[in-house]
>>> print(open('start-v8.cif').read())   # mmCIF, C-alpha atoms
data_coords
loop_
_atom_site.label_atom_id
_atom_site.label_comp_id
_atom_site.auth_asym_id
_atom_site.auth_seq_id
_atom_site.Cartn_x
_atom_site.Cartn_y
_atom_site.Cartn_z
CA MET R 3 24.07 139.93 139.83
CA LYS R 4 20.97 137.95 138.89
CA ILE R 5 21.52 136.11 135.58
CA LEU R 6 18.81 134.25 133.69
CA TYR R 7 19.37 132.00 130.66
CA LEU R 8 16.35 131.82 128.34
CA ILE R 9 15.82 129.55 125.35
CA TRP R 10 12.89 128.77 123.07
CA ALA R 11 13.04 124.97 123.26
CA PRO R 12 11.65 122.14 125.41
CA TYR R 13 15.19 121.22 126.48
CA ASN R 14 18.78 121.96 125.49
CA ARG R 15 21.89 120.41 127.00
CA ARG R 16 24.11 123.44 126.37
CA ALA R 17 21.60 125.73 128.10
CA GLU R 18 21.46 123.34 131.06
CA SER R 19 25.27 123.29 131.22
CA PHE R 20 25.45 127.09 131.21
CA GLY R 21 22.90 127.17 134.02
CA GLN R 22 24.97 124.75 136.09
CA GLY R 23 28.28 126.43 135.26
CA LEU R 24 27.09 129.98 136.00
CA GLU R 25 24.76 128.88 138.82
CA CYS R 26 21.85 130.71 137.22
CA GLU R 27 18.23 129.89 136.44
CA VAL R 28 17.38 128.45 133.01
CA CYS R 29 13.94 129.01 131.48
CA PHE R 30 12.74 126.80 128.63
CA VAL R 31 9.90 128.43 126.67
CA HIS R 32 8.07 126.09 124.32
CA TYR R 33 4.66 125.38 122.79
CA PHE R 34 3.45 122.68 120.39
CA GLN R 35 5.88 120.58 118.32
CA TYR R 36 9.56 121.44 118.46
CA GLN R 37 11.36 122.45 115.22
CA LYS R 38 8.21 122.18 113.12
CA MET R 39 7.94 125.26 110.90
CA LYS R 40 4.22 124.76 110.28
CA TRP R 41 3.57 125.75 113.92
CA SER R 42 5.75 128.86 113.86
CA VAL R 43 3.03 131.38 113.02
CA LEU R 44 1.02 130.22 116.02
CA LYS R 45 3.68 129.38 118.58
CA TYR R 46 6.13 132.29 118.11
CA PRO R 47 3.63 134.97 119.27
CA LEU R 48 2.77 132.80 122.30
CA MET R 49 6.44 132.30 123.11
CA ALA R 50 7.10 136.03 122.72
CA VAL R 51 4.37 136.87 125.24
CA LYS R 52 5.62 134.16 127.62
CA THR R 53 9.18 135.48 127.29
CA LEU R 54 8.20 139.04 128.19
CA TRP R 55 5.99 137.81 131.04
CA LEU R 56 8.85 135.75 132.49
CA LEU R 57 11.41 138.51 132.20
CA PHE R 58 9.26 141.24 133.73
CA ARG R 59 8.21 138.90 136.52
CA LYS R 60 11.73 137.63 137.36
CA ARG R 61 13.54 140.96 136.66
CA PRO R 62 17.03 139.56 135.93
CA ASP R 63 19.98 141.96 135.77
CA CYS R 64 21.36 140.08 132.78
CA VAL R 65 19.73 137.74 130.26
CA ILE R 66 21.54 135.16 128.13
CA LEU R 67 19.47 134.22 125.07
CA MET R 68 20.20 131.32 122.73
CA THR R 69 19.69 131.46 118.98
CA PRO R 70 18.03 130.11 116.94
CA PRO R 71 15.40 131.41 116.75
CA LEU R 72 16.45 135.06 116.59
CA PHE R 73 13.06 136.25 117.81
CA ASN R 74 13.94 134.92 121.25
CA VAL R 75 16.73 137.49 121.40
CA LEU R 76 14.55 140.26 119.95
CA PHE R 77 12.06 140.07 122.81
CA GLY R 78 14.83 139.69 125.35
CA TYR R 79 16.34 142.88 123.93
CA ILE R 80 13.00 144.69 124.30
CA TYR R 81 12.95 143.81 128.01
CA CYS R 82 16.58 144.92 128.47
CA PHE R 83 16.01 148.18 126.55
CA ILE R 84 13.02 149.11 128.70
CA MET R 85 14.58 148.03 132.01
CA LYS R 86 18.13 149.16 131.13
CA ARG R 87 19.51 145.68 131.73
CA LYS R 88 22.25 143.70 129.95
CA PHE R 89 21.91 140.79 127.55
CA LEU R 90 24.20 138.30 125.86
CA ILE R 91 23.52 136.11 122.84
CA ASP R 92 24.55 132.46 122.84
CA ALA R 93 24.71 131.95 119.07
CA HIS R 94 24.29 128.40 117.81
CA THR R 95 26.10 127.60 114.55
CA GLY R 96 22.82 127.09 112.68
CA SER R 97 21.62 130.61 113.44
CA LEU R 98 24.72 132.04 111.76
CA ILE R 99 25.27 129.92 108.66
CA SER R 100 22.06 127.96 107.92
CA ARG R 101 18.69 128.75 106.42
CA PRO R 102 16.20 130.19 107.20
CA TRP R 103 18.23 132.28 109.67
CA THR R 104 20.67 133.62 107.09
CA HIS R 105 17.68 135.52 105.65
CA PHE R 106 17.49 137.41 108.96
CA ARG R 107 21.12 138.48 109.17
CA TRP R 108 20.05 142.13 109.26
CA LEU R 109 18.29 141.36 112.54
CA HIS R 110 21.19 139.30 113.86
CA ARG R 111 23.62 142.15 113.12
CA PHE R 112 21.32 144.65 114.86
CA LEU R 113 21.09 142.50 117.98
CA CYS R 114 24.79 141.53 118.12
CA ARG R 115 25.82 145.19 118.04
CA ARG R 116 23.66 145.84 121.13
CA ALA R 117 24.59 142.74 123.13
CA VAL R 118 27.31 142.93 125.78
CA LYS R 119 28.82 139.85 124.15
CA THR R 120 27.84 137.20 121.63
CA ILE R 121 28.99 133.79 122.84
CA VAL R 122 30.15 131.42 120.09
CA THR R 123 31.88 128.05 120.02
CA ASN R 124 34.89 128.86 117.83
CA GLU R 125 37.05 131.59 116.31
CA GLU R 126 35.58 131.36 112.79
CA LEU R 127 32.12 132.27 114.07
CA ALA R 128 33.67 134.96 116.28
CA LYS R 129 35.24 136.56 113.20
CA LEU R 130 31.82 136.70 111.52
CA ILE R 131 30.23 138.42 114.51
CA ARG R 132 33.10 140.90 114.81
CA SER R 133 32.72 141.75 111.11
CA TRP R 134 29.18 142.90 112.00
CA GLY R 135 30.47 145.17 114.75
CA GLY R 136 29.60 142.76 117.56
CA ARG R 137 31.72 141.76 120.57
CA THR R 138 32.44 138.08 121.07
CA LEU R 139 33.38 135.54 123.69
CA ILE R 140 34.38 131.97 122.80
CA MET R 141 32.95 129.92 125.63
CA ASN R 142 31.79 126.33 126.09
CA PRO R 143 30.44 125.27 129.48
CA PRO R 144 31.48 121.95 131.02
CA VAL R 145 28.92 119.16 130.94
CA ARG R 146 27.98 118.04 134.44
CA PHE R 147 26.65 114.54 134.98
CA PRO R 148 24.63 113.28 137.94
CA PRO R 149 25.80 110.09 139.69
CA ILE R 150 25.26 107.23 137.24
CA LYS R 151 24.33 103.71 138.31
CA THR R 152 25.95 101.46 135.75
CA GLY R 153 24.35 98.18 136.81
CA PRO R 154 25.71 95.03 135.14
CA ALA R 155 28.94 95.26 133.15
CA GLY R 156 28.54 96.65 129.63
CA ILE R 157 28.78 94.57 126.49
CA ASN R 158 32.35 94.00 125.36
CA ARG R 159 33.45 96.35 122.58
CA SER R 160 30.68 98.89 122.04
CA LEU R 161 30.40 102.38 120.58
CA VAL R 162 27.57 104.88 121.04
CA VAL R 163 26.62 106.59 117.77
CA VAL R 164 25.15 109.91 118.92
CA THR R 165 22.68 111.20 116.35
CA ALA R 166 19.59 113.36 115.97
CA PHE R 167 18.91 111.93 112.48
CA SER R 168 19.77 115.39 111.17
CA PHE R 169 20.53 116.40 107.58
CA ASP R 170 24.23 116.94 108.37
CA GLU R 171 24.90 113.47 109.80
CA PRO R 172 26.38 110.89 107.36
CA LEU R 173 24.42 108.10 109.02
CA ASN R 174 24.23 105.83 105.98
CA GLU R 175 28.04 105.86 105.66
CA ILE R 176 28.43 105.27 109.41
CA LEU R 177 26.16 102.23 109.32
CA CYS R 178 27.81 100.81 106.21
CA ALA R 179 31.14 101.08 108.04
CA ALA R 180 29.60 99.48 111.15
CA ARG R 181 28.63 96.44 109.09
CA GLU R 182 32.34 95.80 108.53
CA HIS R 183 32.89 95.39 112.29
CA PRO R 184 30.50 92.63 113.44
CA ASP R 185 32.54 92.12 116.63
CA ILE R 186 31.60 95.63 117.86
CA HIS R 187 28.16 96.66 119.08
CA PHE R 188 26.94 100.03 117.77
CA TYR R 189 24.17 101.78 119.73
CA VAL R 190 22.50 104.44 117.57
CA THR R 191 20.67 106.94 119.78
CA GLY R 192 17.98 109.46 118.86
CA ASN R 193 14.33 109.50 117.84
CA LYS R 194 13.91 106.75 115.22
CA SER R 195 10.80 108.43 113.78
CA LYS R 196 13.12 111.08 112.28
CA ALA R 197 15.19 108.50 110.39
CA GLU R 198 15.14 108.59 106.60
CA PRO R 199 13.67 105.59 104.76
CA GLY R 200 16.21 102.80 104.51
CA ILE R 201 18.20 103.67 107.63
CA LEU R 202 16.40 101.32 110.01
CA VAL R 203 17.07 98.32 107.75
CA PHE R 204 20.63 98.39 109.14
CA GLN R 205 19.28 96.97 112.43
CA SER R 206 21.15 93.72 113.12
CA GLU R 207 22.66 91.64 115.89
CA HIS R 208 25.37 94.25 116.44
CA ILE R 209 23.69 97.48 115.22
CA HIS R 210 21.01 98.67 117.64
CA PHE R 211 18.62 101.63 117.35
CA THR R 212 17.88 102.65 120.92
CA GLY R 213 15.27 105.32 120.22
CA PHE R 214 15.27 108.50 122.29
CA LEU R 215 16.44 107.40 125.73
CA PRO R 216 15.57 108.91 129.11
CA LYS R 217 18.53 110.94 130.38
CA GLU R 218 19.59 108.38 133.02
CA ASP R 219 19.50 105.50 130.52
CA TYR R 220 21.42 107.54 127.94
CA LEU R 221 24.16 108.45 130.40
CA ARG R 222 24.41 104.84 131.58
CA LEU R 223 24.85 103.73 127.96
CA LEU R 224 27.63 106.30 127.47
CA LYS R 225 29.40 105.30 130.66
CA GLN R 226 29.35 101.57 129.83
CA SER R 227 30.55 102.06 126.25
CA ASP R 228 34.12 102.15 124.94
CA GLY R 229 33.58 105.54 123.33
CA VAL R 230 31.47 107.79 121.14
CA LEU R 231 31.11 108.13 117.37
CA CYS R 232 29.62 111.51 116.41
CA LEU R 233 29.96 112.93 112.88
CA THR R 234 28.77 115.95 110.92
CA THR R 235 29.15 117.11 107.31
CA ARG R 236 28.62 120.78 108.30
CA ASP R 237 31.78 122.72 109.08
CA PHE R 238 32.00 125.04 112.13
CA THR R 239 29.64 122.76 114.07
CA LEU R 240 30.57 121.84 117.64
CA GLN R 241 28.82 118.61 118.55
CA SER R 242 27.02 118.09 121.84
CA GLY R 243 27.71 114.37 121.59
CA GLY R 244 31.42 115.06 121.37
CA GLU R 245 31.31 117.33 124.42
CA GLU R 246 29.45 114.63 126.35
CA ALA R 247 32.18 112.17 125.43
CA LEU R 248 34.87 114.64 126.55
CA PHE R 249 33.37 115.33 129.97
CA MET R 250 32.49 111.65 130.44
CA GLY R 251 36.16 110.91 129.77
CA LYS R 252 35.35 108.73 126.76
CA PRO R 253 37.49 108.74 123.60
CA LEU R 254 35.82 110.04 120.47
CA ILE R 255 35.57 109.48 116.73
CA THR R 256 34.56 112.73 115.04
CA SER R 257 34.67 114.58 111.71
CA ASN R 258 37.90 115.77 110.16
CA PHE R 259 37.24 119.52 110.30
CA ARG R 260 39.80 121.99 111.59
CA ILE R 261 37.37 123.40 114.18
CA LEU R 262 36.81 119.93 115.64
CA ARG R 263 40.49 118.98 115.48
CA GLU R 264 41.34 122.12 117.48
CA PHE R 265 38.56 121.64 120.03
CA PHE R 266 38.90 117.86 120.50
CA ARG R 267 42.66 118.05 120.30
CA LYS R 268 43.33 114.93 122.32
CA GLY R 269 41.71 111.53 122.76
CA THR R 270 40.08 111.69 119.34
CA VAL R 271 40.21 109.96 115.96
CA TYR R 272 39.26 112.17 112.97
CA VAL R 273 37.53 110.72 109.91
CA ASP R 274 35.98 111.84 106.65
CA PRO R 275 32.26 111.15 106.04
CA TRP R 276 32.81 108.04 103.91
CA LYS R 277 32.54 104.36 104.75
CA ALA R 278 36.20 103.53 104.17
CA SER R 279 37.48 106.40 106.32
CA ILE R 280 34.99 105.71 109.11
CA SER R 281 35.79 102.00 109.11
CA GLU R 282 39.52 102.72 109.31
CA GLY R 283 38.86 105.21 112.10
CA ILE R 284 37.05 102.52 114.10
CA ARG R 285 40.02 100.18 113.61
CA ILE R 286 42.46 102.89 114.78
CA PHE R 287 40.20 103.69 117.74
CA TYR R 288 40.44 100.14 119.11
CA ARG R 289 44.12 99.84 118.30
CA ASP R 290 44.92 103.01 120.30
CA ARG R 291 42.03 102.92 122.75
CA ARG R 292 44.05 103.02 125.99
CA ARG R 293 46.14 105.97 124.85
CA LEU R 294 43.02 107.80 123.65
CA GLU R 295 41.32 107.26 127.02
CA ASP R 296 44.28 108.77 128.89
CA GLU R 297 44.43 111.73 126.50
CA MET R 298 40.72 112.47 126.86
CA LEU R 299 41.01 112.56 130.65
CA HIS R 300 43.85 115.07 130.35
CA LEU R 301 41.80 117.14 127.88
CA ARG R 302 38.90 117.23 130.34
CA GLU R 303 41.22 118.68 132.98
CA GLU R 304 42.38 121.36 130.54
CA PHE R 305 38.80 122.35 129.71
CA GLU R 306 37.82 122.55 133.36
CA SER R 307 40.69 124.98 133.93
CA GLU R 308 39.77 127.03 130.83
CA TRP R 309 36.14 127.24 131.96
CA LYS R 310 37.08 128.66 135.38
CA SER R 311 39.15 131.37 133.71
CA LYS R 312 36.46 132.30 131.16
CA LYS R 313 33.67 132.23 133.74
CA SER R 314 35.64 134.63 135.92
CA ARG R 315 36.21 136.89 132.90
CA LEU R 316 32.49 136.90 132.02
CA ILE R 317 31.42 137.77 135.56
CA GLN R 318 34.00 140.57 135.59
CA ILE R 319 32.62 141.98 132.32
CA LEU R 320 29.03 141.89 133.59
CA ASN R 321 29.87 143.50 136.93
CA SER R 322 32.04 146.23 135.43
CA GLY R 323 29.82 147.14 132.51
CA GLU R 324 32.75 146.50 130.17
CA LYS R 325 31.88 145.74 126.56
CA HIS R 326 35.27 145.32 124.93
#
>>> encode(input="start-v8.cif", output="structure tokens")
Amino acid sequence: MKILYLIWAPYNRRAESFGQGLECEVCFVHYFQYQKMKWSVLKYPLMAVKTLWLLFRKRPDCVILMTPPLFNVLFGYIYCFIMKRKFLIDAHTGSLISRPWTHFRWLHRFLCRRAVKTIVTNEELAKLIRSWGGRTLIMNPPVRFPPIKTGPAGINRSLVVVTAFSFDEPLNEILCAAREHPDIHFYVTGNKSKAEPGILVFQSEHIHFTGFLPKEDYLRLLKQSDGVLCLTTRDFTLQSGGEEALFMGKPLITSNFRILREFFRKGTVYVDPWKASISEGIRIFYRDRRRLEDEMLHLREEFESEWKSKKSRLIQILNSGEKH
């Protein structure tokens, strides 16, 4: 069966991981500036045409389409309806619980009911999809890393703060907590141009803003660090930075939400989005670092085993035509 994964974005790590895990082609469709609503009226029609052109040229038997945006799935559905092919939705948390996509829930319900499966990251989102009459599969692909040249030894005691300077990241609290640990180097990744005013003033001898790094440099930084600090204030959000830590075998500091505690069930310190809690979490991280490292390696083995089972199940569903 020929599977194609299609996403309206210049790049997405989860899409890449699905492509590697399922050994299928991934198509990134993108025009103009990414995640800029002012371009939507112009770029969405272009991306719709490109999507249909790609699908009718490549003729996949099954298409996996990531949301948001929902219109990606709509045009994938049109292809599948005409050609009598199958499609799955890989539903990102934002497309289910955040604006503007909550205004289009009528469309999401329509599409989920017609998809073979809607892939989500956790049971809470699966319950929402099932309440619409959709069929779900909780599935998270393993993150594969190329060989990484580490070069000189990393700086002693360092944490990578994985951020996109997004609205749901308590970055000010993180950096205030970092100030209380001058013996630890904090490397804040992500495009600095997206930072809110006042964030960059935290730059110091031990707090470093790396900017958006090339993939090889980013992976080298992760590998040479002691671990990853990746927080969100939005519940039901599975963090890419946390998954990268897991499959790199690096212990993690993440947010104290049930979804994240269940997913990152080993090798992890859980904190609330306040300076005092984050600072204490950093202290606990270094106190228990060796144990956390061992636990994260064991968790990685568990996830690899789970992925093999779920991948086999998905292929079985697609080959059999099963929907339930």
>>> residues_around(input="start-v8.cif", residues="R:Tyr81", least_positions_apart="2", cutoff="10 Å", atoms="only C-alpha atoms", output="PyMOL selection string")
chain R and resi 53-55+57-58+61-62+65+75-79+83-89
>>> closest_residue(input="start-v8.cif", among="R:Tyr272, R:Phe204, R:Phe305, R:Trp41", to="R:Leu248", atoms="only C-alpha atoms")
R:Phe305
>>> atom_distance(input="start-v8.cif", atom1="atom CA of R:Pro172", atom2="atom CA of R:Ser279")
12.0 Å
>>> atom_distance(input="start-v8.cif", atom1="atom CA of R:Asp296", atom2="atom CA of R:Val164")
21.6 Å
>>> closest_atom_pairs(input="start-v8.cif", of="stretch 206-315 of chain R", to="stretch 96-104 of chain R", cutoff="10 Å", atoms="only C-alpha atoms", output="Markdown table")
| residue | atom | partner | partner_atom | distance |
| --- | --- | --- | --- | --- |
| R:Arg236 | CA | R:Gly96 | CA | 9.6 |
| R:Asp237 | CA | R:Ile99 | CA | 9.7 |
| R:Phe238 | CA | R:Ile99 | CA | 9.0 |
| R:Thr239 | CA | R:Gly96 | CA | 8.2 |
>>> closest_atom_pairs(input="start-v8.cif", of="stretch 135-197 of chain R", to="stretch 213-232 of chain R", cutoff="9 Å", atoms="only C-alpha atoms", output="tab-separated table")
residue	atom	partner	partner_atom	distance
R:Phe147	CA	R:Leu221	CA	8.0
R:Pro148	CA	R:Glu218	CA	8.6
R:Ile150	CA	R:Arg222	CA	6.2
R:Lys151	CA	R:Arg222	CA	6.8
R:Thr152	CA	R:Arg222	CA	5.6
R:Gly153	CA	R:Arg222	CA	8.5
R:Ala155	CA	R:Gln226	CA	7.1
R:Gly156	CA	R:Gln226	CA	5.0
R:Ile157	CA	R:Ser227	CA	7.7
R:Asn158	CA	R:Ser227	CA	8.3
R:Arg159	CA	R:Asp228	CA	6.3
R:Ser160	CA	R:Ser227	CA	5.3
R:Leu161	CA	R:Gly229	CA	5.3
R:Val162	CA	R:Val230	CA	4.9
R:Val163	CA	R:Leu231	CA	4.8
R:Val164	CA	R:Cys232	CA	5.4
R:Thr165	CA	R:Cys232	CA	6.9
R:Glu171	CA	R:Cys232	CA	8.4
R:Ile176	CA	R:Leu231	CA	8.9
R:Tyr189	CA	R:Leu223	CA	8.5
R:Val190	CA	R:Gly213	CA	7.8
R:Thr191	CA	R:Gly213	CA	5.7
R:Gly192	CA	R:Phe214	CA	4.5
R:Asn193	CA	R:Phe214	CA	4.7
R:Lys194	CA	R:Gly213	CA	5.4
R:Ser195	CA	R:Gly213	CA	8.4
>>> resolve_selection(input="start-v8.cif", expression="the PyMOL selection byres ((chain R and resi 127) around 12)", output="JSON, numbers by chain")
{"R": [92, 93, 94, 95, 96, 97, 98, 99, 120, 121, 122, 123, 124, 125, 126, 128, 129, 130, 131, 132, 133, 134, 136, 137, 138, 139, 140, 141, 237, 238, 239, 240, 261]}
>>> residues_around(input="start-v8.cif", residues="stretch 310-314 of chain R", least_positions_apart="2", cutoff="12 Å", atoms="only C-alpha atoms", output="number ranges by chain")
R: 20-25, 121, 139-144, 303-308, 316-321
>>> build_atoms(input="start-v8.cif", residues="stretch 288-317 of chain R", atoms="N, CA and C atoms", output="compact mmCIF listing (two decimals), keeping the file's coordinate frame")
# COMPACT_ATOMS: atom_id res chain seq x y z
N TYR R 288 40.23 101.31 118.23
CA TYR R 288 40.44 100.14 119.11
C TYR R 288 41.92 99.78 119.23
N ARG R 289 42.68 100.08 118.20
CA ARG R 289 44.12 99.84 118.30
C ARG R 289 44.75 100.74 119.36
N ASP R 290 44.31 102.01 119.41
CA ASP R 290 44.92 103.01 120.30
C ASP R 290 44.02 103.38 121.47
N ARG R 291 43.07 102.55 121.78
CA ARG R 291 42.03 102.92 122.75
C ARG R 291 42.59 103.37 124.10
N ARG R 292 43.53 102.66 124.67
CA ARG R 292 44.05 103.02 125.99
C ARG R 292 44.72 104.39 125.99
N ARG R 293 45.50 104.65 124.96
CA ARG R 293 46.14 105.97 124.85
C ARG R 293 45.08 107.07 124.69
N LEU R 294 44.08 106.82 123.88
CA LEU R 294 43.02 107.80 123.65
C LEU R 294 42.25 108.10 124.94
N GLU R 295 42.02 107.07 125.74
CA GLU R 295 41.32 107.26 127.02
C GLU R 295 42.12 108.19 127.94
N ASP R 296 43.43 107.94 128.04
CA ASP R 296 44.28 108.77 128.89
C ASP R 296 44.30 110.22 128.39
N GLU R 297 44.40 110.38 127.08
CA GLU R 297 44.43 111.73 126.50
C GLU R 297 43.14 112.49 126.77
N MET R 298 42.00 111.80 126.66
CA MET R 298 40.72 112.47 126.86
C MET R 298 40.56 112.93 128.31
N LEU R 299 41.05 112.15 129.25
CA LEU R 299 41.01 112.56 130.65
C LEU R 299 41.85 113.81 130.89
N HIS R 300 43.01 113.88 130.24
CA HIS R 300 43.85 115.07 130.35
C HIS R 300 43.16 116.27 129.69
N LEU R 301 42.50 116.05 128.56
CA LEU R 301 41.80 117.14 127.88
C LEU R 301 40.66 117.68 128.75
N ARG R 302 39.98 116.79 129.44
CA ARG R 302 38.90 117.23 130.34
C ARG R 302 39.45 118.15 131.42
N GLU R 303 40.60 117.83 131.96
CA GLU R 303 41.22 118.68 132.98
C GLU R 303 41.56 120.06 132.41
N GLU R 304 42.05 120.09 131.18
CA GLU R 304 42.38 121.36 130.54
C GLU R 304 41.13 122.22 130.36
N PHE R 305 40.03 121.60 129.94
CA PHE R 305 38.80 122.35 129.71
C PHE R 305 38.21 122.87 131.02
N GLU R 306 38.32 122.09 132.06
CA GLU R 306 37.82 122.55 133.36
C GLU R 306 38.58 123.80 133.79
N SER R 307 39.88 123.82 133.58
CA SER R 307 40.69 124.98 133.93
C SER R 307 40.33 126.18 133.06
N GLU R 308 40.14 125.95 131.75
CA GLU R 308 39.77 127.03 130.83
C GLU R 308 38.41 127.62 131.21
N TRP R 309 37.47 126.77 131.60
CA TRP R 309 36.14 127.24 131.96
C TRP R 309 36.20 128.18 133.17
N LYS R 310 36.97 127.82 134.18
CA LYS R 310 37.08 128.66 135.38
C LYS R 310 37.59 130.05 135.02
N SER R 311 38.57 130.10 134.12
CA SER R 311 39.15 131.37 133.71
C SER R 311 38.13 132.20 132.93
N LYS R 312 37.42 131.57 131.99
CA LYS R 312 36.46 132.30 131.16
C LYS R 312 35.21 132.70 131.95
N LYS R 313 34.80 131.87 132.87
CA LYS R 313 33.67 132.23 133.74
C LYS R 313 34.02 133.46 134.56
N SER R 314 35.20 133.49 135.13
CA SER R 314 35.64 134.63 135.92
C SER R 314 35.68 135.89 135.06
N ARG R 315 36.16 135.75 133.83
CA ARG R 315 36.21 136.89 132.90
C ARG R 315 34.81 137.40 132.58
N LEU R 316 33.86 136.50 132.34
CA LEU R 316 32.49 136.90 132.02
C LEU R 316 31.86 137.65 133.19
N ILE R 317 31.99 137.12 134.38
CA ILE R 317 31.42 137.77 135.56
C ILE R 317 32.03 139.16 135.74
